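Structure data follow from query_32.cif (mmCIF, C-alpha atoms):
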data_final
#
loop_
_atom_site.label_atom_id
_atom_site.label_comp_id
_atom_site.auth_asym_id
_atom_site.auth_seq_id
_atom_site.Cartn_x
_atom_site.Cartn_y
_atom_site.Cartn_z
CA MET A 1337 -48.31 32.86 -3.51
CA GLY A 1338 -47.08 30.50 -0.83
CA LEU A 1339 -44.25 28.13 -1.66
CA GLY A 1340 -45.55 25.37 0.54
CA THR A 1341 -43.39 23.19 2.74
CA ASP A 1342 -41.96 20.64 0.31
CA HIS A 1343 -38.56 22.27 0.10
CA VAL A 1344 -35.22 20.67 -0.69
CA THR A 1345 -33.12 20.83 2.48
CA VAL A 1346 -29.83 19.36 3.62
CA THR A 1347 -31.94 16.62 5.16
CA THR A 1348 -33.89 15.67 2.05
CA ALA A 1349 -30.79 16.02 -0.12
CA ALA A 1350 -28.59 14.03 2.22
CA ASN A 1351 -28.43 11.11 -0.19
CA PHE A 1352 -26.46 13.27 -2.62
CA ILE A 1353 -23.85 14.20 -0.06
CA PRO A 1354 -22.20 10.75 0.20
CA GLU A 1355 -21.69 10.60 -3.57
CA LEU A 1356 -19.78 13.89 -3.59
CA TRP A 1357 -17.71 12.95 -0.56
CA ALA A 1358 -17.06 9.44 -1.86
CA LEU A 1359 -15.47 10.67 -5.07
CA ASP A 1360 -13.18 12.98 -3.14
CA VAL A 1361 -12.27 10.38 -0.51
CA ILE A 1362 -11.44 7.71 -3.08
CA GLU A 1363 -9.31 10.14 -5.07
CA ALA A 1364 -7.47 11.27 -1.93
CA ALA A 1365 -6.93 7.67 -0.78
CA GLU A 1366 -5.56 6.58 -4.16
CA LYS A 1367 -3.10 9.47 -4.21
CA ASN A 1368 -1.69 8.46 -0.84
CA LEU A 1369 -1.56 4.69 -1.32
CA VAL A 1370 1.94 3.31 -1.87
CA MET A 1371 2.01 -0.36 -0.90
CA ALA A 1372 -1.55 -1.07 -2.02
CA GLU A 1373 -0.60 -0.31 -5.61
CA LEU A 1374 2.44 -2.60 -5.52
CA VAL A 1375 1.00 -5.89 -4.23
CA THR A 1376 -1.30 -8.59 -5.59
CA ARG A 1377 -4.97 -7.60 -5.26
CA PHE A 1378 -7.95 -9.88 -4.62
CA ASP A 1379 -10.66 -7.23 -4.38
CA ASP A 1380 -13.00 -9.01 -6.81
CA ALA A 1381 -12.81 -12.27 -4.89
CA ALA A 1382 -13.47 -10.48 -1.60
CA ALA A 1383 -16.51 -8.69 -3.00
CA GLY A 1384 -18.41 -11.98 -3.05
CA GLY A 1385 -18.90 -11.91 0.71
CA GLY A 1386 -17.53 -14.03 3.54
CA ASP A 1387 -14.85 -13.27 6.09
CA THR A 1388 -12.00 -15.40 4.71
CA LEU A 1389 -10.34 -15.89 1.33
CA HIS A 1390 -8.42 -19.07 0.52
CA ILE A 1391 -5.84 -18.45 -2.19
CA PRO A 1392 -4.33 -21.62 -3.73
CA THR A 1393 -0.58 -21.73 -4.32
CA VAL A 1394 1.07 -24.18 -6.71
CA ASP A 1395 4.69 -25.34 -6.62
CA GLU A 1396 6.85 -24.93 -9.71
CA PHE A 1397 7.12 -27.71 -12.28
CA ASP A 1398 10.41 -29.30 -13.37
CA ALA A 1399 11.28 -29.82 -17.02
CA ASN A 1400 12.03 -33.50 -17.69
CA ASP A 1401 14.06 -34.93 -20.58
CA LYS A 1402 11.94 -36.66 -23.20
CA THR A 1403 13.73 -39.35 -25.16
CA ALA A 1404 12.48 -41.50 -28.00
CA ASN A 1405 10.15 -44.39 -27.15
CA THR A 1406 9.75 -43.35 -23.50
CA GLU A 1407 6.68 -42.32 -21.60
CA ILE A 1408 6.15 -38.86 -20.25
CA ILE A 1409 6.39 -38.36 -16.49
CA PRO A 1410 3.30 -36.65 -15.09
CA GLN A 1411 3.96 -34.33 -12.18
CA ALA A 1412 1.56 -34.07 -9.27
CA ASN A 1413 2.40 -30.95 -7.34
CA THR A 1414 0.89 -30.37 -3.95
CA GLU A 1415 -1.21 -27.24 -3.82
CA GLY A 1416 -0.94 -25.06 -0.75
CA THR A 1417 -3.29 -22.38 0.49
CA VAL A 1418 -2.79 -18.85 1.74
CA THR A 1419 -5.58 -17.49 3.90
CA ILE A 1420 -6.58 -13.83 3.85
CA SER A 1421 -8.77 -12.89 6.79
CA LEU A 1422 -11.04 -9.97 5.96
CA ASN A 1423 -10.89 -8.80 9.54
CA LYS A 1424 -9.83 -5.17 9.28
CA HIS A 1425 -12.58 -2.56 9.50
CA LYS A 1426 -11.32 1.02 9.70
CA GLU A 1427 -13.41 4.17 9.94
CA VAL A 1428 -13.00 7.94 9.97
CA SER A 1429 -15.91 10.09 11.21
CA PHE A 1430 -16.47 13.80 11.65
CA LEU A 1431 -19.38 16.18 12.15
CA ILE A 1432 -19.55 19.57 10.44
CA GLU A 1433 -21.93 22.01 12.09
CA ASP A 1434 -23.99 24.24 9.83
CA ILE A 1435 -22.40 27.42 11.13
CA VAL A 1436 -18.94 26.12 10.23
CA ALA A 1437 -20.06 25.02 6.78
CA VAL A 1438 -21.59 28.43 6.14
CA GLN A 1439 -18.77 30.58 7.48
CA ALA A 1440 -15.73 28.58 6.33
CA LYS A 1441 -13.89 30.32 3.52
CA GLN A 1442 -12.33 27.11 2.21
CA SER A 1443 -14.10 24.02 0.93
CA LEU A 1444 -14.51 21.79 3.95
CA ARG A 1445 -15.29 18.85 1.71
CA GLU A 1446 -11.93 19.18 0.01
CA ILE A 1447 -10.03 19.59 3.28
CA TYR A 1448 -11.76 16.82 5.19
CA THR A 1449 -11.83 14.30 2.36
CA LYS A 1450 -8.09 14.64 1.92
CA LYS A 1451 -7.63 13.95 5.62
CA ALA A 1452 -10.08 11.03 5.58
CA GLY A 1453 -8.55 9.60 2.42
CA TYR A 1454 -5.06 9.86 3.87
CA ALA A 1455 -6.16 8.12 7.08
CA ILE A 1456 -7.67 5.23 5.11
CA ALA A 1457 -4.59 4.94 2.88
CA LYS A 1458 -2.28 5.03 5.89
CA ALA A 1459 -4.19 2.23 7.59
CA ILE A 1460 -4.00 -0.04 4.54
CA ASP A 1461 -0.36 0.71 3.76
CA SER A 1462 0.68 0.32 7.39
CA ASP A 1463 -0.92 -3.11 7.59
CA LEU A 1464 0.81 -4.21 4.39
CA LEU A 1465 4.17 -2.87 5.57
CA GLY A 1466 3.61 -4.67 8.87
CA LEU A 1467 3.82 -8.00 7.03
CA TYR A 1468 7.60 -7.68 7.38
CA ALA A 1469 7.18 -9.51 10.69
CA GLY A 1470 6.48 -12.80 8.93
CA LEU A 1471 9.38 -12.71 6.49
CA SER A 1472 12.22 -15.23 6.65
CA GLN A 1473 14.67 -13.06 4.71
CA ASN A 1474 16.16 -10.00 6.35
CA SER A 1475 19.40 -8.04 6.37
CA THR A 1476 20.84 -5.38 8.65
CA PRO A 1477 23.03 -3.11 6.50
CA GLU A 1478 25.29 -1.15 8.80
CA GLY A 1479 24.87 2.58 8.32
CA GLY A 1480 21.84 2.20 6.08
CA ILE A 1481 21.06 0.86 2.61
CA ASP A 1482 24.07 1.16 0.34
CA ALA A 1483 24.85 -0.34 -3.07
CA ALA A 1484 26.21 -3.62 -1.68
CA ALA A 1485 23.21 -4.11 0.66
CA LEU A 1486 20.73 -3.49 -2.12
CA ARG A 1487 22.51 -5.85 -4.51
CA ALA A 1488 22.54 -8.56 -1.84
CA ALA A 1489 18.80 -8.13 -1.29
CA ILE A 1490 18.14 -8.26 -5.04
CA LEU A 1491 20.17 -11.48 -5.18
CA VAL A 1492 17.75 -13.04 -2.69
CA LEU A 1493 14.83 -12.34 -5.03
CA ASP A 1494 16.78 -13.53 -8.06
CA ALA A 1495 17.70 -16.79 -6.30
CA ALA A 1496 14.00 -17.34 -5.55
CA ASN A 1497 13.17 -16.87 -9.25
CA ALA A 1498 11.00 -13.87 -8.43
CA PRO A 1499 9.95 -12.18 -11.69
CA LEU A 1500 12.06 -9.19 -12.65
CA ASP A 1501 9.03 -7.01 -13.30
CA ASN A 1502 6.75 -5.55 -10.62
CA ARG A 1503 9.53 -5.29 -8.07
CA ALA A 1504 9.69 -2.40 -5.62
CA LEU A 1505 11.80 -0.97 -2.83
CA VAL A 1506 9.80 0.90 -0.18
CA ILE A 1507 11.96 2.94 2.17
CA SER A 1508 11.51 5.39 5.01
CA PRO A 1509 12.32 9.10 4.66
CA THR A 1510 15.40 8.44 6.81
CA GLN A 1511 16.68 5.88 4.33
CA LYS A 1512 15.95 8.18 1.43
CA ASN A 1513 18.25 10.70 3.07
CA VAL A 1514 20.93 8.02 3.50
CA MET A 1515 20.63 6.76 -0.08
CA LEU A 1516 20.86 10.27 -1.53
CA GLY A 1517 24.35 10.30 -0.05
CA VAL A 1518 25.46 7.08 -1.79
CA ASP A 1519 27.49 7.83 -4.92
CA GLU A 1520 26.31 4.72 -6.76
CA PHE A 1521 22.72 5.93 -6.44
CA VAL A 1522 23.15 9.61 -7.33
CA SER A 1523 26.43 10.26 -9.14
CA MET A 1524 26.37 10.81 -12.89
CA THR A 1525 29.48 8.65 -12.99
CA TYR A 1526 27.16 5.70 -12.41
CA LEU A 1527 23.90 7.06 -13.81
CA GLY A 1528 25.22 8.28 -17.13
CA ASN A 1529 24.21 11.46 -18.92
CA GLN A 1530 20.72 11.97 -17.48
CA PRO A 1531 20.78 15.60 -16.33
CA ASP A 1532 16.99 15.83 -15.91
CA ASN A 1533 16.76 12.75 -13.72
CA VAL A 1534 19.79 12.99 -11.47
CA PRO A 1535 18.65 12.49 -7.83
CA THR A 1536 20.87 15.31 -6.61
CA ARG A 1537 18.74 17.63 -8.75
CA THR A 1538 15.28 16.11 -8.42
CA GLY A 1539 15.50 14.60 -4.92
CA LEU A 1540 13.92 11.45 -6.38
CA LEU A 1541 15.75 8.13 -6.49
CA GLY A 1542 13.70 6.75 -9.39
CA GLU A 1543 14.93 3.27 -10.32
CA ILE A 1544 18.05 1.65 -8.92
CA TYR A 1545 19.31 -1.56 -10.52
CA GLY A 1546 15.96 -1.78 -12.31
CA VAL A 1547 13.93 -1.53 -9.09
CA PRO A 1548 11.59 1.48 -8.59
CA VAL A 1549 12.10 3.20 -5.24
CA PHE A 1550 9.14 4.50 -3.22
CA VAL A 1551 9.33 6.59 -0.06
CA SER A 1552 6.71 6.15 2.65
CA SER A 1553 6.46 7.59 6.14
CA ASN A 1554 4.40 4.50 7.00
CA VAL A 1555 7.44 2.20 7.00
CA ILE A 1556 7.18 0.33 10.30
CA SER A 1557 9.60 0.95 13.15
CA SER A 1558 10.24 -1.43 16.04
CA GLY A 1559 12.25 -1.25 19.22
CA THR A 1560 12.84 1.71 21.49
CA SER A 1561 15.36 4.53 21.46
CA PRO A 1562 18.28 4.35 20.98
CA SER A 1563 17.74 1.00 19.22
CA VAL A 1564 14.88 1.82 16.87
CA VAL A 1565 14.81 -0.32 13.72
CA GLU A 1566 13.03 0.60 10.46
CA HIS A 1567 11.76 -2.23 8.29
CA ASN A 1568 12.25 -1.19 4.67
CA LEU A 1569 10.99 -3.71 2.13
CA LEU A 1570 12.35 -4.98 -1.17
CA PHE A 1571 9.78 -7.26 -2.78
CA GLN A 1572 8.11 -8.54 -5.90
CA LYS A 1573 4.37 -8.04 -6.34
CA GLY A 1574 3.63 -11.69 -5.59
CA ALA A 1575 5.04 -11.44 -2.06
CA PHE A 1576 2.02 -9.79 -0.50
CA ALA A 1577 -1.75 -9.73 -0.98
CA LEU A 1578 -4.46 -7.18 -0.36
CA ALA A 1579 -8.20 -7.77 -0.60
CA ILE A 1580 -10.52 -4.77 -0.18
CA GLN A 1581 -14.03 -6.05 0.41
CA LEU A 1582 -15.81 -2.75 0.93
CA GLY A 1583 -14.90 0.87 0.41
CA PRO A 1584 -13.76 3.36 0.91
CA ARG A 1585 -17.48 3.89 1.60
CA VAL A 1586 -18.91 7.26 2.58
CA GLN A 1587 -22.13 7.73 4.52
CA ALA A 1588 -23.62 11.04 5.68
CA ASN A 1589 -26.55 11.95 7.87
CA TYR A 1590 -27.89 15.30 8.95
CA ILE A 1591 -28.22 15.37 12.74
CA PRO A 1592 -30.82 18.00 13.74
CA GLN A 1593 -29.85 17.84 17.41
CA TYR A 1594 -26.38 19.10 16.50
CA LEU A 1595 -27.39 21.17 13.45
CA GLY A 1596 -24.68 19.50 11.48
CA THR A 1597 -23.80 16.71 9.04
CA LEU A 1598 -22.13 13.57 10.35
CA VAL A 1599 -19.86 11.95 7.75
CA THR A 1600 -18.35 8.47 8.17
CA VAL A 1601 -15.78 6.88 5.87
CA ASP A 1602 -15.03 3.19 6.32
CA VAL A 1603 -13.25 0.33 4.60
CA ILE A 1604 -13.15 -3.46 5.11
CA TYR A 1605 -10.09 -5.38 3.94
CA GLY A 1606 -7.50 -8.03 4.70
CA VAL A 1607 -3.78 -8.49 4.02
CA ALA A 1608 -1.51 -11.53 3.90
CA GLU A 1609 1.95 -12.73 2.92
CA LEU A 1610 1.73 -14.79 -0.28
CA ARG A 1611 5.28 -15.87 -1.19
CA ASP A 1612 7.89 -15.55 1.51
CA PRO A 1613 10.98 -15.86 -0.75
CA PHE A 1614 9.82 -12.87 -2.83
CA ALA A 1615 10.53 -10.26 -0.14
CA VAL A 1616 13.42 -9.04 2.02
CA ASP A 1617 13.20 -6.96 5.19
CA LEU A 1618 16.02 -4.39 5.12
CA GLN A 1619 16.43 -3.43 8.76
CA THR A 1620 18.08 -0.08 9.32
CA GLY A 1621 18.49 2.39 12.16
CA ALA A 1622 15.97 5.20 12.35
#
When written as structure tokens, how does the structure in this file appear?
Amino acid sequence: MGLGTDHVTVTTAANFIPELWALDVIEAAEKNLVMAELVTRFDDAAAGGGDTLHIPTVDEFDANDKTANTEIIPQANTEGTVTISLNKHKEVSFLIEDIVAVQAKQSLREIYTKKAGYAIAKAIDSDLLGLYAGLSQNSTPEGGIDAAALRAAILVLDAANAPLDNRALVISPTQKNVMLGVDEFVSMTYLGNQPDNVPTRTGLLGEIYGVPVFVSSNVISSGTSPSVVEHNLLFQKGAFALAIQLGPRVQANYIPQYLGTLVTVDVIYGVAELRDPFAVDLQTGA
């Protein structure tokens, strides 16, 4: 009995391929995102369409004395606006030929989605870290970030009334190496009896002065050798904004001419500085 010609092929089943890849790409991207998880997000607002978001900002109110038989004093603050341009469209594409898919001993989907997810995450984090260029507050601690430099940077946030929660310090691998050599950051003399969490044992800096420390190889460098500068960031969540309008989206098509599947991952987003006083650029040598 003939089976006919209405068979399920990689072409007819192509619509299922993006769903499988998408789950893997999103998972890989989320694992590699550092900055994106630490800033204010406006994804829902961006999903409504358009190429620009206008985010209103409101000045702080002052508390006035209220005495008997006196009128209240209404306050009319001037609202400002921060604009987020949704002008960043990044993509990662690759084509897997049938012979490779058949003969490969490892899961190509797993390997390639990790790479695609990392590329998307790196693009987003790098753009957020690049917002250092617009900051008014910066310091240049000689020899790297030490206890005094970090306290001084924290003081800048405190003086700006930045909330104590949702703060973060994002540093380069070079600065991690420097900070692991600072007694105040690693010695049990300062950390107390925490044998399971001592940085000299775990290699992780954890929290310092109540600020979680994150290490990212995407920290931006400027200048040329031998005067390369790394721009590590201490900030509160309200300092920066991210709006992802689309993605990460995965599309796949079987290309008969190449006997292979073309996979494209893309994302549309925008970033912006929200509150300048809530961030400090810690400039150190690479």
Atomic distance atom CA of A:Phe1430 - atom CA of A:Val1555, expressed in Å with one decimal: 27.0 Å
Return as a Markdown table the residues of stretch 1549-1582 of chain A lying at most 12 Å from stretch 1446-1457 of chain A, together with the closest atom-to-atom pair for each and the distance in Å to one decimal, counting only C-alpha atoms, with rows in chain order and ascending residue number.
| residue | atom | partner | partner_atom | distance |
| --- | --- | --- | --- | --- |
| A:Ser1552 | CA | A:Ala1457 | CA | 11.4 |
| A:Ser1553 | CA | A:Ala1457 | CA | 11.8 |
| A:Asn1554 | CA | A:Ala1457 | CA | 9.9 |
| A:Ile1580 | CA | A:Ile1456 | CA | 11.7 |
Given all atoms listed in the file as the counted atoms, nearest of A:Glu1543, A:Glu1566, A:Ala1615, A:Leu1389 to A:Arg1377: A:Leu1389
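Atom CA of A:Thr1510 lies 23.8 Å from atom CA of A:Lys1573.
Counting from atom CA of A:Asn1423, the distance to atom CA of A:Ala1364 is 23.4 Å.
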Using all atoms listed in the file: which of A:Val1551, A:Ile1460, A:Ala1575, A:Ala1440 has the shortest distance to A:Glu1366: A:Ile1460
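The residues caught by the PyMOL selection byres ((chain A and resi 1576) around 9) in this file are Leu1374, Val1375, Thr1376, Arg1377, Leu1464, Leu1467, Phe1571, Gln1572, Lys1573, Gly1574, Ala1575, Ala1577, Leu1578, Val1607, Ala1608, Glu1609, Leu1610, Arg1611, Asp1612, Phe1614 and Ala1615 of chain A.
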Taking all atoms of stretch 1431-1444 of chain A that appear in the file, build a box with edges along x, y and z, extend it by 5 Å on every side, and state its centre and edge lengths in Å to one decimal, as lines of an AutoDock Vina configuration file.
center_x = -18.2
center_y = 23.4
center_z = 6.5
size_x = 21.7
size_y = 24.4
size_z = 21.2
Residue IDs satisfying the PyMOL selection byres ((chain A and resi 1500) around 12), as a PyMOL selection string: chain A and resi 1490-1491+1493-1499+1501-1504+1545-1548+1571-1574+1614
Residue nearest A:Gly1480 among A:Leu1516, A:Ala1459, A:Ile1544, A:Val1492 (counting all atoms listed in the file): A:Leu1516
